[in-house]
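Data from coords_15.cif: mmCIF, C-alpha atoms
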```
data_structure
#
loop_
_atom_site.label_atom_id
_atom_site.label_comp_id
_atom_site.auth_asym_id
_atom_site.auth_seq_id
_atom_site.Cartn_x
_atom_site.Cartn_y
_atom_site.Cartn_z
CA MET A 1 -37.86 -46.50 -34.13
CA CYS A 2 -36.14 -47.95 -31.07
CA ARG A 3 -32.77 -47.75 -32.83
CA VAL A 4 -33.33 -44.06 -33.57
CA VAL A 5 -34.20 -43.37 -29.93
CA LEU A 6 -31.12 -45.25 -28.72
CA ARG A 7 -28.92 -43.32 -31.15
CA LEU A 8 -30.34 -40.02 -29.90
CA LEU A 9 -29.76 -41.04 -26.31
CA ARG A 10 -26.17 -41.98 -27.05
CA ASN A 11 -25.61 -38.62 -28.79
CA ALA A 12 -27.15 -36.75 -25.87
CA SER A 13 -24.94 -38.65 -23.45
CA ALA A 14 -21.85 -37.86 -25.50
CA LEU A 15 -22.86 -34.20 -25.70
CA SER A 16 -23.37 -33.95 -21.95
CA GLY A 17 -19.98 -35.60 -21.48
CA CYS A 18 -18.35 -32.99 -23.76
CA VAL A 19 -20.07 -30.18 -21.88
CA ALA A 20 -18.83 -31.60 -18.58
CA VAL A 21 -15.29 -31.82 -19.97
CA ILE A 22 -15.44 -28.21 -21.21
CA ILE A 23 -16.75 -26.97 -17.85
CA ALA A 24 -14.09 -28.94 -15.98
CA ALA A 25 -11.39 -27.56 -18.30
CA ASP A 26 -12.67 -24.02 -17.73
CA ILE A 27 -12.65 -24.50 -13.95
CA HIS A 28 -9.14 -25.96 -14.14
CA ALA A 29 -7.96 -23.02 -16.25
CA GLN A 30 -9.38 -20.57 -13.73
CA SER A 31 -7.69 -22.43 -10.89
CA LEU A 32 -4.38 -22.04 -12.73
CA GLY A 33 -4.84 -18.28 -13.02
CA ASN A 34 -5.85 -18.25 -16.72
CA CYS A 35 -9.03 -16.31 -15.98
CA GLU A 36 -9.49 -12.61 -16.57
CA GLU A 37 -11.37 -10.10 -14.43
CA LYS A 38 -12.44 -6.64 -15.61
CA PHE A 39 -12.62 -4.03 -12.87
CA SER A 40 -13.51 -0.42 -12.49
CA PHE A 41 -11.42 1.22 -9.81
CA GLU A 42 -14.24 1.20 -7.27
CA SER A 43 -14.98 -2.50 -7.80
CA LEU A 44 -11.26 -3.29 -7.66
CA ARG A 45 -10.91 -1.45 -4.36
CA ALA A 46 -13.90 -3.28 -2.87
CA TYR A 47 -12.42 -6.61 -3.96
CA ALA A 48 -8.96 -5.74 -2.63
CA LEU A 49 -10.22 -4.78 0.82
CA SER A 50 -11.70 -8.28 1.15
CA HIS A 51 -8.98 -10.37 -0.50
CA SER A 52 -5.66 -8.52 -0.47
CA PRO A 53 -2.79 -10.00 1.58
CA SER A 54 -1.59 -6.42 2.14
CA VAL A 55 -4.78 -5.59 4.06
CA THR A 56 -4.22 -8.68 6.20
CA GLU A 57 -0.68 -7.48 6.91
CA ILE A 58 -2.06 -4.10 7.99
CA ASP A 59 -4.43 -5.88 10.40
CA ARG A 60 -1.49 -7.96 11.63
CA ASP A 61 0.61 -4.85 12.34
CA PHE A 62 -2.27 -3.32 14.29
CA ALA A 63 -2.69 -6.54 16.30
CA LEU A 64 1.04 -6.48 17.10
CA GLU A 65 0.75 -2.91 18.39
CA VAL A 66 -2.21 -3.89 20.57
CA ALA A 67 -0.23 -6.87 21.87
CA ARG A 68 2.72 -4.61 22.70
CA ALA A 69 0.43 -2.27 24.59
CA PHE A 70 -1.03 -5.18 26.56
CA ASP A 71 2.43 -6.51 27.42
CA LEU A 72 3.45 -3.06 28.59
CA GLU A 73 0.57 -2.41 30.96
CA VAL A 74 -0.06 -5.87 32.41
CA LEU A 75 1.60 -6.68 35.71
CA ALA A 76 4.34 -9.25 35.83
CA ASN A 77 3.16 -12.62 37.08
CA PRO A 78 3.48 -13.22 40.81
CA GLU A 79 6.07 -15.72 41.93
CA VAL A 80 5.56 -18.57 44.37
CA SER A 81 8.36 -20.49 45.99
CA ALA A 82 8.01 -23.39 48.44
CA GLU A 83 10.35 -25.92 49.97
CA GLN A 84 10.16 -28.58 52.60
CA VAL A 85 13.22 -30.14 54.21
CA TYR A 86 13.61 -33.25 56.37
CA THR A 87 16.25 -34.48 58.79
CA ARG A 88 17.17 -37.98 59.92
CA MET A 89 18.86 -36.64 63.02
CA ASN A 90 17.33 -36.65 66.46
CA ILE A 91 17.68 -33.06 67.59
CA GLY A 92 16.23 -33.11 71.05
CA GLY A 93 12.83 -34.08 69.67
CA ALA A 94 12.85 -31.21 67.21
CA ASN A 95 13.15 -33.38 64.12
CA ASP A 96 9.93 -32.47 62.33
CA ALA A 97 10.01 -31.39 58.67
CA GLN A 98 10.58 -27.68 58.04
CA THR A 99 8.48 -25.74 55.50
CA ASN A 100 9.31 -22.45 53.81
CA ALA A 101 6.93 -20.72 51.39
CA ALA A 102 6.84 -17.26 49.86
CA LEU A 103 4.55 -15.32 47.50
CA SER A 104 6.07 -12.26 45.76
CA GLN A 105 4.83 -9.73 43.21
CA PRO A 106 7.42 -7.87 41.07
CA LEU A 107 6.52 -4.18 40.76
CA ARG A 108 7.94 -1.08 39.11
CA LEU A 109 7.21 2.53 39.89
CA SER A 110 5.79 2.86 36.37
CA ASN A 111 3.12 0.27 37.16
CA PHE A 112 1.26 2.94 39.10
CA GLY A 113 -0.28 4.84 36.19
CA LYS A 114 2.55 5.60 33.72
CA ARG A 115 2.44 2.29 31.87
CA ASP A 116 -1.33 2.57 31.45
CA ARG A 117 -0.97 6.01 29.81
CA VAL A 118 1.75 4.80 27.46
CA ALA A 119 -0.33 1.72 26.55
CA ARG A 120 -3.34 3.91 25.71
CA LEU A 121 -1.16 6.06 23.45
CA MET A 122 0.31 2.98 21.79
CA ARG A 123 -3.20 1.75 20.99
CA SER A 124 -4.11 5.18 19.58
CA VAL A 125 -0.95 5.22 17.45
CA GLY A 126 -1.72 1.70 16.26
CA ASP A 127 -5.32 2.58 15.35
CA VAL A 128 -4.35 5.77 13.52
CA GLY A 129 -1.47 3.97 11.87
CA LYS A 130 -3.82 1.26 10.63
CA ARG A 131 -6.16 3.80 9.06
CA ALA A 132 -3.24 5.70 7.56
CA LYS A 133 -1.86 2.48 6.06
CA LEU A 134 -5.27 1.66 4.61
CA LEU A 135 -5.34 5.11 3.01
CA GLU A 136 -1.85 4.61 1.63
CA PHE A 137 -2.90 1.17 0.36
CA ASN A 138 -5.89 2.71 -1.43
CA GLN A 139 -3.69 5.33 -3.07
CA ARG A 140 -1.11 2.75 -4.07
CA LEU A 141 -3.92 0.69 -5.57
CA LEU A 142 -5.13 3.79 -7.43
CA VAL A 143 -1.68 4.45 -8.91
CA GLN A 144 -1.24 0.79 -9.94
CA TYR A 145 -4.70 0.74 -11.54
CA ALA A 146 -4.01 3.98 -13.42
CA ASN A 147 -0.66 2.63 -14.64
CA LEU A 148 -2.36 -0.52 -15.93
CA TYR A 149 -5.05 1.51 -17.71
CA VAL A 150 -2.43 3.77 -19.28
CA SER A 151 -0.41 0.75 -20.44
CA GLN A 152 -3.51 -0.86 -21.94
CA GLU A 153 -4.42 2.35 -23.77
CA SER A 154 -0.84 2.74 -24.97
CA GLU A 155 -0.91 -0.76 -26.42
CA ARG A 156 -4.22 -0.07 -28.14
CA LEU A 157 -3.09 3.27 -29.61
CA LEU A 158 0.19 1.80 -30.83
CA SER A 159 -1.73 -0.98 -32.58
CA GLU A 160 -4.00 1.63 -34.12
CA GLY A 161 -1.01 3.71 -35.22
CA ALA A 162 0.66 0.64 -36.76
CA ARG A 163 -2.51 -0.07 -38.76
CA GLU A 164 -2.62 3.54 -39.95
CA ALA A 165 1.02 3.32 -41.01
CA GLN A 166 0.36 0.05 -42.84
CA ALA A 167 -2.63 1.55 -44.68
CA LEU A 168 -0.56 4.57 -45.74
CA MET A 169 2.29 2.28 -46.75
CA ALA A 170 -0.11 0.41 -49.08
CA GLN A 171 -1.08 3.71 -50.73
CA VAL A 172 2.54 4.73 -51.11
CA GLU A 173 3.51 1.34 -52.58
CA LYS A 174 0.78 1.79 -55.17
CA GLY A 175 2.35 5.10 -56.13
CA VAL A 176 5.79 3.45 -56.26
CA ARG A 177 4.49 0.78 -58.68
CA GLN A 178 3.02 3.53 -60.84
CA GLY A 179 6.35 5.33 -60.84
CA LEU A 180 4.93 8.36 -59.06
CA LEU A 181 6.91 7.91 -55.82
CA SER A 182 10.34 6.63 -54.87
CA GLU A 183 10.96 3.43 -52.94
CA GLY A 184 12.30 5.51 -50.06
CA ALA A 185 8.85 6.96 -49.53
CA GLY A 186 7.46 3.52 -48.87
CA ALA A 187 10.38 2.73 -46.55
CA LEU A 188 9.39 5.67 -44.31
CA PHE A 189 6.00 4.18 -43.52
CA GLU A 190 7.39 0.66 -43.30
CA ALA A 191 9.88 1.85 -40.69
CA GLU A 192 7.16 3.75 -38.83
CA ARG A 193 4.91 0.67 -38.82
CA TYR A 194 7.61 -1.60 -37.39
CA ARG A 195 8.73 1.08 -34.94
CA LEU A 196 5.20 1.24 -33.54
CA GLU A 197 4.90 -2.53 -33.45
CA ALA A 198 8.20 -2.79 -31.58
CA LEU A 199 7.00 -0.19 -29.10
CA ARG A 200 3.77 -2.12 -28.72
CA GLU A 201 5.69 -5.26 -27.77
CA GLY A 202 7.48 -3.33 -25.03
CA VAL A 203 4.22 -1.86 -23.79
CA ALA A 204 2.63 -5.33 -23.83
CA ALA A 205 5.42 -6.47 -21.52
CA THR A 206 4.63 -3.51 -19.25
CA VAL A 207 0.94 -4.49 -19.27
CA SER A 208 1.84 -8.03 -18.17
CA THR A 209 4.11 -6.67 -15.41
CA SER A 210 1.42 -4.26 -14.21
CA ARG A 211 -1.16 -7.04 -14.17
CA SER A 212 1.17 -9.25 -12.17
CA GLU A 213 1.85 -6.52 -9.59
CA LEU A 214 -1.83 -5.60 -9.35
CA SER A 215 -2.93 -9.24 -8.98
CA VAL A 216 -0.55 -9.66 -6.04
CA LEU A 217 -1.68 -6.38 -4.50
CA VAL A 218 -5.38 -7.20 -4.90
CA GLY A 219 -5.15 -10.89 -4.02
CA THR A 220 -6.54 -12.53 -7.15
CA GLU A 221 -5.13 -15.29 -9.34
CA CYS A 222 -6.90 -13.89 -12.41
CA ARG A 223 -5.53 -11.37 -14.86
CA VAL A 224 -6.77 -7.90 -13.98
CA THR A 225 -8.03 -5.63 -16.75
CA ALA A 226 -8.69 -1.94 -16.10
CA GLU A 227 -12.14 -1.27 -17.49
CA SER A 228 -12.22 2.53 -17.29
CA PRO A 229 -9.97 5.38 -16.14
CA PRO A 230 -10.31 6.60 -12.53
CA LEU A 231 -12.39 9.76 -12.27
CA PHE A 232 -11.65 12.73 -10.00
CA ALA A 233 -13.62 15.71 -8.77
CA PRO A 234 -11.99 19.17 -8.98
CA LEU A 235 -9.51 19.84 -6.18
CA PRO A 236 -10.75 22.00 -3.27
CA ALA A 237 -9.10 25.32 -2.54
CA GLU A 238 -5.77 25.42 -0.71
CA ASP A 239 -7.20 26.68 2.61
CA VAL A 240 -9.85 23.94 2.53
CA LEU A 241 -7.17 21.30 2.06
CA VAL A 242 -5.08 22.73 4.92
CA GLN A 243 -8.14 22.69 7.17
CA LYS A 244 -8.82 19.08 6.20
CA ALA A 245 -5.21 18.15 6.98
CA ARG A 246 -5.39 19.74 10.43
CA ALA A 247 -8.77 18.18 11.22
CA SER A 248 -7.98 14.65 10.05
CA ASP A 249 -6.46 12.38 12.68
CA VAL A 250 -4.69 10.32 10.00
CA SER A 251 -2.98 13.24 8.27
CA GLU A 252 0.79 13.61 8.46
CA ALA A 253 0.51 16.44 11.00
CA SER A 254 -1.84 14.53 13.33
CA ARG A 255 0.22 11.36 13.19
CA THR A 256 3.41 13.29 13.89
CA ASP A 257 1.85 14.98 16.94
CA LEU A 258 0.60 11.63 18.25
CA ARG A 259 4.02 10.04 17.78
CA ARG A 260 5.61 12.96 19.62
CA ARG A 261 3.26 12.53 22.58
CA LEU A 262 3.98 8.82 22.69
CA ALA A 263 7.73 9.43 22.49
CA ARG A 264 7.56 11.92 25.37
CA GLU A 265 5.65 9.48 27.56
CA GLN A 266 8.14 6.73 26.67
CA VAL A 267 11.03 8.97 27.76
CA GLU A 268 9.39 9.47 31.14
CA LEU A 269 8.67 5.74 31.33
CA SER A 270 12.29 4.83 30.61
CA ARG A 271 13.44 7.19 33.38
CA MET A 272 11.04 5.67 35.88
CA ASP A 273 12.14 2.18 34.86
CA ALA A 274 15.69 3.13 35.79
CA PHE A 275 14.57 2.39 39.33
CA PRO A 276 14.95 -1.34 40.03
CA VAL A 277 12.10 -3.82 40.14
CA MET A 278 10.80 -4.28 43.69
CA SER A 279 9.40 -7.64 44.69
CA PRO A 280 7.47 -7.48 47.99
CA ARG A 281 6.63 -10.92 49.30
CA VAL A 282 4.67 -12.69 51.98
CA VAL A 283 6.64 -15.42 53.77
CA TYR A 284 5.43 -18.44 55.73
CA GLN A 285 7.77 -20.69 57.71
CA HIS A 286 7.15 -23.82 59.74
CA THR A 287 10.12 -24.79 61.90
CA ASN A 288 11.15 -28.23 63.09
CA ASP A 289 10.18 -27.43 66.65
CA GLY A 290 6.55 -26.93 65.63
CA GLY A 291 6.63 -23.13 65.35
CA ASP A 292 4.71 -21.28 62.57
CA PHE A 293 5.88 -17.88 61.37
CA VAL A 294 4.39 -15.37 58.90
CA GLY A 295 6.27 -12.35 57.69
CA PHE A 296 6.96 -9.90 54.91
CA GLY A 297 10.06 -9.31 52.77
CA LEU A 298 11.36 -7.23 49.89
CA THR A 299 13.77 -8.09 47.09
CA VAL A 300 15.45 -5.23 45.21
CA PRO A 301 18.26 -5.75 42.63
CA LEU A 302 21.19 -3.38 42.95
CA PRO A 303 21.32 -1.04 39.90
CA LEU A 304 25.10 -0.92 39.63
CA TRP A 305 25.57 -1.57 35.89
CA ASN A 306 22.28 -1.48 34.04
CA ARG A 307 20.14 1.53 34.86
CA ASN A 308 18.02 1.32 31.70
CA GLN A 309 20.43 3.62 29.82
CA GLY A 310 19.85 1.95 26.44
CA GLU A 311 16.08 2.30 26.51
CA ASN A 312 16.40 5.87 27.75
CA MET A 313 18.69 6.85 24.86
CA ARG A 314 16.38 5.23 22.31
CA ALA A 315 13.30 6.98 23.71
CA GLU A 316 15.03 10.38 23.80
CA ALA A 317 16.14 9.97 20.18
CA GLU A 318 12.56 9.14 19.15
CA GLU A 319 11.28 12.19 21.00
CA ARG A 320 13.80 14.54 19.34
CA ALA A 321 12.95 13.25 15.87
CA ALA A 322 9.20 13.52 16.44
CA GLU A 323 9.56 17.00 17.95
CA LYS A 324 11.57 18.28 14.98
CA GLN A 325 8.98 16.94 12.54
CA ARG A 326 6.17 18.51 14.57
CA GLU A 327 7.94 21.88 14.65
CA PHE A 328 8.47 21.77 10.89
CA LEU A 329 4.80 21.09 10.21
CA ALA A 330 3.60 23.59 12.84
CA GLN A 331 5.79 26.42 11.53
CA GLY A 332 4.33 26.42 8.02
CA GLY A 333 5.68 23.14 6.72
CA LEU A 334 2.22 21.62 6.41
CA GLU A 335 0.82 24.58 4.50
CA SER A 336 3.87 24.58 2.25
CA GLN A 337 3.55 20.88 1.42
CA VAL A 338 -0.19 21.16 0.77
CA ARG A 339 0.33 24.23 -1.42
CA ASN A 340 3.13 22.66 -3.45
CA LEU A 341 1.42 19.31 -3.98
CA ARG A 342 -1.89 20.96 -4.84
CA GLU A 343 -0.25 23.30 -7.33
CA ALA A 344 1.62 20.39 -8.90
CA SER A 345 -1.62 18.39 -9.16
CA VAL A 346 -3.52 21.28 -10.70
CA ARG A 347 -0.79 22.03 -13.25
CA LEU A 348 -0.39 18.38 -14.21
CA GLN A 349 -4.14 18.09 -14.73
CA LYS A 350 -4.08 21.21 -16.92
CA GLN A 351 -1.23 19.67 -18.90
CA VAL A 352 -3.24 16.45 -19.32
CA ASP A 353 -6.27 18.39 -20.54
CA MET A 354 -4.22 20.54 -22.92
CA TYR A 355 -2.50 17.52 -24.43
CA GLY A 356 -5.71 15.53 -24.71
CA VAL A 357 -7.84 18.29 -26.23
CA HIS A 358 -5.47 20.63 -28.06
CA VAL A 359 -2.22 18.80 -28.85
CA VAL A 360 -3.59 15.37 -29.78
CA GLY A 361 -6.64 16.93 -31.42
CA ALA A 362 -4.53 19.30 -33.53
CA PHE A 363 -2.21 16.53 -34.68
CA LYS A 364 -5.22 14.41 -35.66
CA ARG A 365 -6.53 17.25 -37.81
CA ALA A 366 -3.07 17.79 -39.28
CA LEU A 367 -2.76 14.11 -40.24
CA LYS A 368 -6.20 14.07 -41.89
CA SER A 369 -5.36 17.22 -43.82
CA GLU A 370 -2.01 15.88 -45.01
CA GLU A 371 -3.61 12.56 -46.00
CA ARG A 372 -6.27 14.39 -48.01
CA LEU A 373 -3.70 16.51 -49.79
CA PHE A 374 -1.57 13.45 -50.50
CA GLN A 375 -4.51 11.54 -51.99
CA GLN A 376 -5.28 14.57 -54.17
CA GLY A 377 -1.69 14.64 -55.36
CA GLN A 378 -0.99 18.01 -53.72
CA GLY A 379 1.04 16.90 -50.70
CA GLY A 380 4.27 15.07 -50.05
CA VAL A 381 4.94 11.76 -48.35
CA ALA A 382 7.27 13.32 -45.78
CA GLN A 383 4.55 15.63 -44.49
CA VAL A 384 2.15 12.71 -43.99
CA TRP A 385 4.83 10.67 -42.25
CA GLN A 386 5.79 13.55 -39.95
CA ALA A 387 2.15 14.19 -39.02
CA LEU A 388 1.59 10.49 -38.26
CA ARG A 389 4.71 10.26 -36.12
CA ALA A 390 3.89 13.48 -34.25
CA LEU A 391 0.37 12.20 -33.51
CA ASN A 392 1.65 8.89 -32.12
CA GLU A 393 4.23 10.63 -29.91
CA ALA A 394 1.61 13.09 -28.63
CA ARG A 395 -0.71 10.22 -27.71
CA MET A 396 2.03 8.48 -25.74
CA THR A 397 3.00 11.70 -23.98
CA HIS A 398 -0.62 12.34 -23.04
CA LEU A 399 -0.99 8.91 -21.44
CA GLY A 400 2.27 9.33 -19.51
CA LEU A 401 0.98 12.63 -18.14
CA VAL A 402 -2.23 10.92 -17.01
CA ALA A 403 -0.20 8.47 -14.91
CA SER A 404 1.88 11.32 -13.42
CA ALA A 405 -1.24 13.31 -12.51
CA VAL A 406 -2.79 10.33 -10.71
CA SER A 407 0.44 9.70 -8.76
CA MET A 408 0.67 13.34 -7.66
CA ARG A 409 -2.95 13.37 -6.53
CA ALA A 410 -2.34 10.20 -4.51
CA GLN A 411 0.57 11.89 -2.69
CA LEU A 412 -1.68 14.82 -1.82
CA SER A 413 -4.36 12.48 -0.44
CA VAL A 414 -1.85 10.75 1.84
CA LEU A 415 -0.62 14.13 3.13
CA ILE A 416 -4.17 15.41 3.76
CA GLY A 417 -5.34 12.20 5.41
CA GLU A 418 -8.30 11.57 3.13
CA GLU A 419 -8.91 10.95 -0.55
CA VAL A 420 -9.29 14.17 -2.54
#
```
Could I get this structure in the form of structure tokens?
Amino acid sequence: MCRVVLRLLRNASALSGCVAVIIAADIHAQSLGNCEEKFSFESLRAYALSHSPSVTEIDRDFALEVARAFDLEVLANPEVSAEQVYTRMNIGGANDAQTNAALSQPLRLSNFGKRDRVARLMRSVGDVGKRAKLLEFNQRLLVQYANLYVSQESERLLSEGAREAQALMAQVEKGVRQGLLSEGAGALFEAERYRLEALREGVAATVSTSRSELSVLVGTECRVTAESPPLFAPLPAEDVLVQKARASDVSEASRTDLRRRLAREQVELSRMDAFPVMSPRVVYQHTNDGGDFVGFGLTVPLPLWNRNQGENMRAEAEERAAEKQREFLAQGGLESQVRNLREASVRLQKQVDMYGVHVVGAFKRALKSEERLFQQGQGGVAQVWQALRALNEARMTHLGLVASAVSMRAQLSVLIGEEV
């Protein structure tokens, strides 16, 4: 009895050891990036906002803009100078040490209000820019996710098409053995099968590339799998979208107007900074005859060569570019872009629906009909092969249109300033 118990204990210990090894191997595999994560688009976006290096870079850019604004508005540090000199000469009793000290504060004309206004605008531009970049990141993530889903579906449909071709090839080979069909008939389906398998290998490579790009974008070491296609509500009317674009402070029009205002303030700032830096100072002097003196001074560099011309030219160029963009959008450019992108999105979605419902559906019915006729001995091999090939091509075209429709909708969202 004791031997049985000891044997059971040894087996249990060995089993627990195996389980520990399996768990450790699984953890090690995950640490090497051999894990797989299935995401819907919403769950992927939530994960990316917490883990993506791109989001961290957006935060970094905003912090840099805030730092630039702080550097612009803060006063230059005051300067202190002090010296004490001694003499070993006997100058009629006036041989005490002499002390000189001065406290100065460099100032510009722009320190009196202008730099504060420019700094506030820089912070506003940085904040709006951060939100615009987050919107662009979300739309880029949407396009990448849709591309991965389309690639996965393409791989699945090509595998399905290859199996259909193989099944038809088996039926044709049976007819060849019975002398009812020529060997060329079987070669048609053999070629179609291998053509689809070759296409599948290329699509599998695209799937791996898309997963790699999406993993970097999201910030995960696991392989990303798109669980379901992204879903969209119907697009609002054109006038609603234009109103949204004008109301949103992260739309292209609002950002352009804000950049123009900042550029104009920077032009005025560069002109004010053409005046030299003034450094008023308080001076204290102790002379060797025991006298103490307090006074005031002013240091001004002579603006003979550098009068801030370079900064002025840069700021004026920025203002001209921003003004031209604002004029374009204000004179109907915004409405035109919204109208064109909305129309393109609507038409692409109609094309997707037509291909998915009518084209692919009709080719499916055609293939079933030709297969039925062939099995009844009333149809030809060429008709079945043509229907199979047309169905596979229609499926691939449909998936490509899905990716194009998602990309166009993402462009419209970035223009509007919110996801539509």
Q: Measure the distance from CA of Asn308 (chain A) to CA of Asp273 (chain A) in Å and round it to one decimal.
A: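 That distance, rounded to one decimal, is 6.7 Å.
Among the candidates A:Val150, A:Ala366, A:Ala245, A:Ala403, the residue lying nearest to Trp385 (chain A) is A:Ala366 (atoms considered: all atoms listed in the file).
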Q | Residues returned when the PyMOL selection byres ((chain A and resi 96) around 8) runs on this file, as a list in words | A |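 This file gives the following for the PyMOL selection byres ((chain A and resi 96) around 8): Tyr86, Thr87, Ala94, Asn95, Ala97, Gln98, Thr287, Asn288, Asp289 and Gly290 of chain A.
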Q: List the residues matched by the PyMOL selection byres ((chain A and resi 271) around 12) in the displayed structure as an MDAnalysis selection string, ordered by chain and then by residue number.
A: chainID A and resid 108:110 114 264:270 272:276 307:316
Those same residues, written as a PDB file, keeping the file's coordinate frame with C-alpha atoms?
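Output file selection_31.pdb follows:
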```
ATOM      1  CA  ARG A 108       7.940  -1.080  39.110  1.00  0.00           C
ATOM      2  CA  LEU A 109       7.210   2.530  39.890  1.00  0.00           C
ATOM      3  CA  SER A 110       5.790   2.860  36.370  1.00  0.00           C
ATOM      4  CA  LYS A 114       2.550   5.600  33.720  1.00  0.00           C
ATOM      5  CA  ARG A 264       7.560  11.920  25.370  1.00  0.00           C
ATOM      6  CA  GLU A 265       5.650   9.480  27.560  1.00  0.00           C
ATOM      7  CA  GLN A 266       8.140   6.730  26.670  1.00  0.00           C
ATOM      8  CA  VAL A 267      11.030   8.970  27.760  1.00  0.00           C
ATOM      9  CA  GLU A 268       9.390   9.470  31.140  1.00  0.00           C
ATOM     10  CA  LEU A 269       8.670   5.740  31.330  1.00  0.00           C
ATOM     11  CA  SER A 270      12.290   4.830  30.610  1.00  0.00           C
ATOM     12  CA  MET A 272      11.040   5.670  35.880  1.00  0.00           C
ATOM     13  CA  ASP A 273      12.140   2.180  34.860  1.00  0.00           C
ATOM     14  CA  ALA A 274      15.690   3.130  35.790  1.00  0.00           C
ATOM     15  CA  PHE A 275      14.570   2.390  39.330  1.00  0.00           C
ATOM     16  CA  PRO A 276      14.950  -1.340  40.030  1.00  0.00           C
ATOM     17  CA  ARG A 307      20.140   1.530  34.860  1.00  0.00           C
ATOM     18  CA  ASN A 308      18.020   1.320  31.700  1.00  0.00           C
ATOM     19  CA  GLN A 309      20.430   3.620  29.820  1.00  0.00           C
ATOM     20  CA  GLY A 310      19.850   1.950  26.440  1.00  0.00           C
ATOM     21  CA  GLU A 311      16.080   2.300  26.510  1.00  0.00           C
ATOM     22  CA  ASN A 312      16.400   5.870  27.750  1.00  0.00           C
ATOM     23  CA  MET A 313      18.690   6.850  24.860  1.00  0.00           C
ATOM     24  CA  ARG A 314      16.380   5.230  22.310  1.00  0.00           C
ATOM     25  CA  ALA A 315      13.300   6.980  23.710  1.00  0.00           C
ATOM     26  CA  GLU A 316      15.030  10.380  23.800  1.00  0.00           C
TER      27      GLU A 316
END
```
Q.
I need the residue nearest Tyr355 (chain A) from this list: A:Glu393, A:Glu370, A:Asp59, A:Glu319. Use only C-alpha atoms for the distance.
A. A:Glu393
Q) Between A:Asn147, A:Gln166, A:Ser52, A:Asn138, which has the minimum distance to Val414 (chain A) (counting only C-alpha atoms)? A)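 Closest to Val414 (chain A) of all the choices is A:Asn138.
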Would you pick out the contacts of Val128 (chain A) at 10 Å or less, using only C-alpha atoms, so that residues sharing its chain but fewer than 4 positions from it are not included, and give the list as a PDB file with C-alpha atoms, in the frame of the given file?
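The resulting file, selection.pdb, is shown below:
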```pdb
ATOM      1  CA  PHE A  62      -2.270  -3.320  14.290  1.00  0.00           C
ATOM      2  CA  MET A 122       0.310   2.980  21.790  1.00  0.00           C
ATOM      3  CA  ARG A 123      -3.200   1.750  20.990  1.00  0.00           C
ATOM      4  CA  SER A 124      -4.110   5.180  19.580  1.00  0.00           C
ATOM      5  CA  ALA A 132      -3.240   5.700   7.560  1.00  0.00           C
ATOM      6  CA  LYS A 133      -1.860   2.480   6.060  1.00  0.00           C
ATOM      7  CA  LEU A 134      -5.270   1.660   4.610  1.00  0.00           C
ATOM      8  CA  ASP A 249      -6.460  12.380  12.680  1.00  0.00           C
ATOM      9  CA  VAL A 250      -4.690  10.320  10.000  1.00  0.00           C
ATOM     10  CA  SER A 251      -2.980  13.240   8.270  1.00  0.00           C
ATOM     11  CA  SER A 254      -1.840  14.530  13.330  1.00  0.00           C
ATOM     12  CA  ARG A 255       0.220  11.360  13.190  1.00  0.00           C
ATOM     13  CA  LEU A 258       0.600  11.630  18.250  1.00  0.00           C
TER      14      LEU A 258
END
```
Could you pull region 190-199 of chain A out of the structure just shown and give N, CA and C atoms as a short mmCIF file (atom, residue, chain, number, x, y, z; two decimals), in the first residue's frame?
```cif
data_model
loop_
_atom_site.label_atom_id
_atom_site.label_comp_id
_atom_site.auth_asym_id
_atom_site.auth_seq_id
_atom_site.Cartn_x
_atom_site.Cartn_y
_atom_site.Cartn_z
N GLU A 190 -6.66 22.22 -62.64
CA GLU A 190 -5.38 22.11 -61.95
C GLU A 190 -4.65 23.45 -61.96
N ALA A 191 -4.66 24.12 -63.13
CA ALA A 191 -4.02 25.42 -63.22
C ALA A 191 -4.72 26.45 -62.33
N GLU A 192 -6.06 26.40 -62.31
CA GLU A 192 -6.81 27.34 -61.48
C GLU A 192 -6.51 27.12 -59.99
N ARG A 193 -6.41 25.83 -59.60
CA ARG A 193 -6.10 25.53 -58.20
C ARG A 193 -4.75 26.10 -57.81
N TYR A 194 -3.73 25.84 -58.63
CA TYR A 194 -2.39 26.31 -58.27
C TYR A 194 -2.27 27.83 -58.42
N ARG A 195 -3.05 28.40 -59.33
CA ARG A 195 -3.04 29.87 -59.44
C ARG A 195 -3.57 30.49 -58.15
N LEU A 196 -4.65 29.92 -57.62
CA LEU A 196 -5.22 30.45 -56.38
C LEU A 196 -4.29 30.21 -55.20
N GLU A 197 -3.64 29.06 -55.18
CA GLU A 197 -2.71 28.79 -54.09
C GLU A 197 -1.51 29.73 -54.15
N ALA A 198 -1.05 30.03 -55.36
CA ALA A 198 0.06 30.98 -55.49
C ALA A 198 -0.36 32.38 -55.03
N LEU A 199 -1.58 32.77 -55.41
CA LEU A 199 -2.08 34.06 -54.94
C LEU A 199 -2.22 34.08 -53.42
#
```
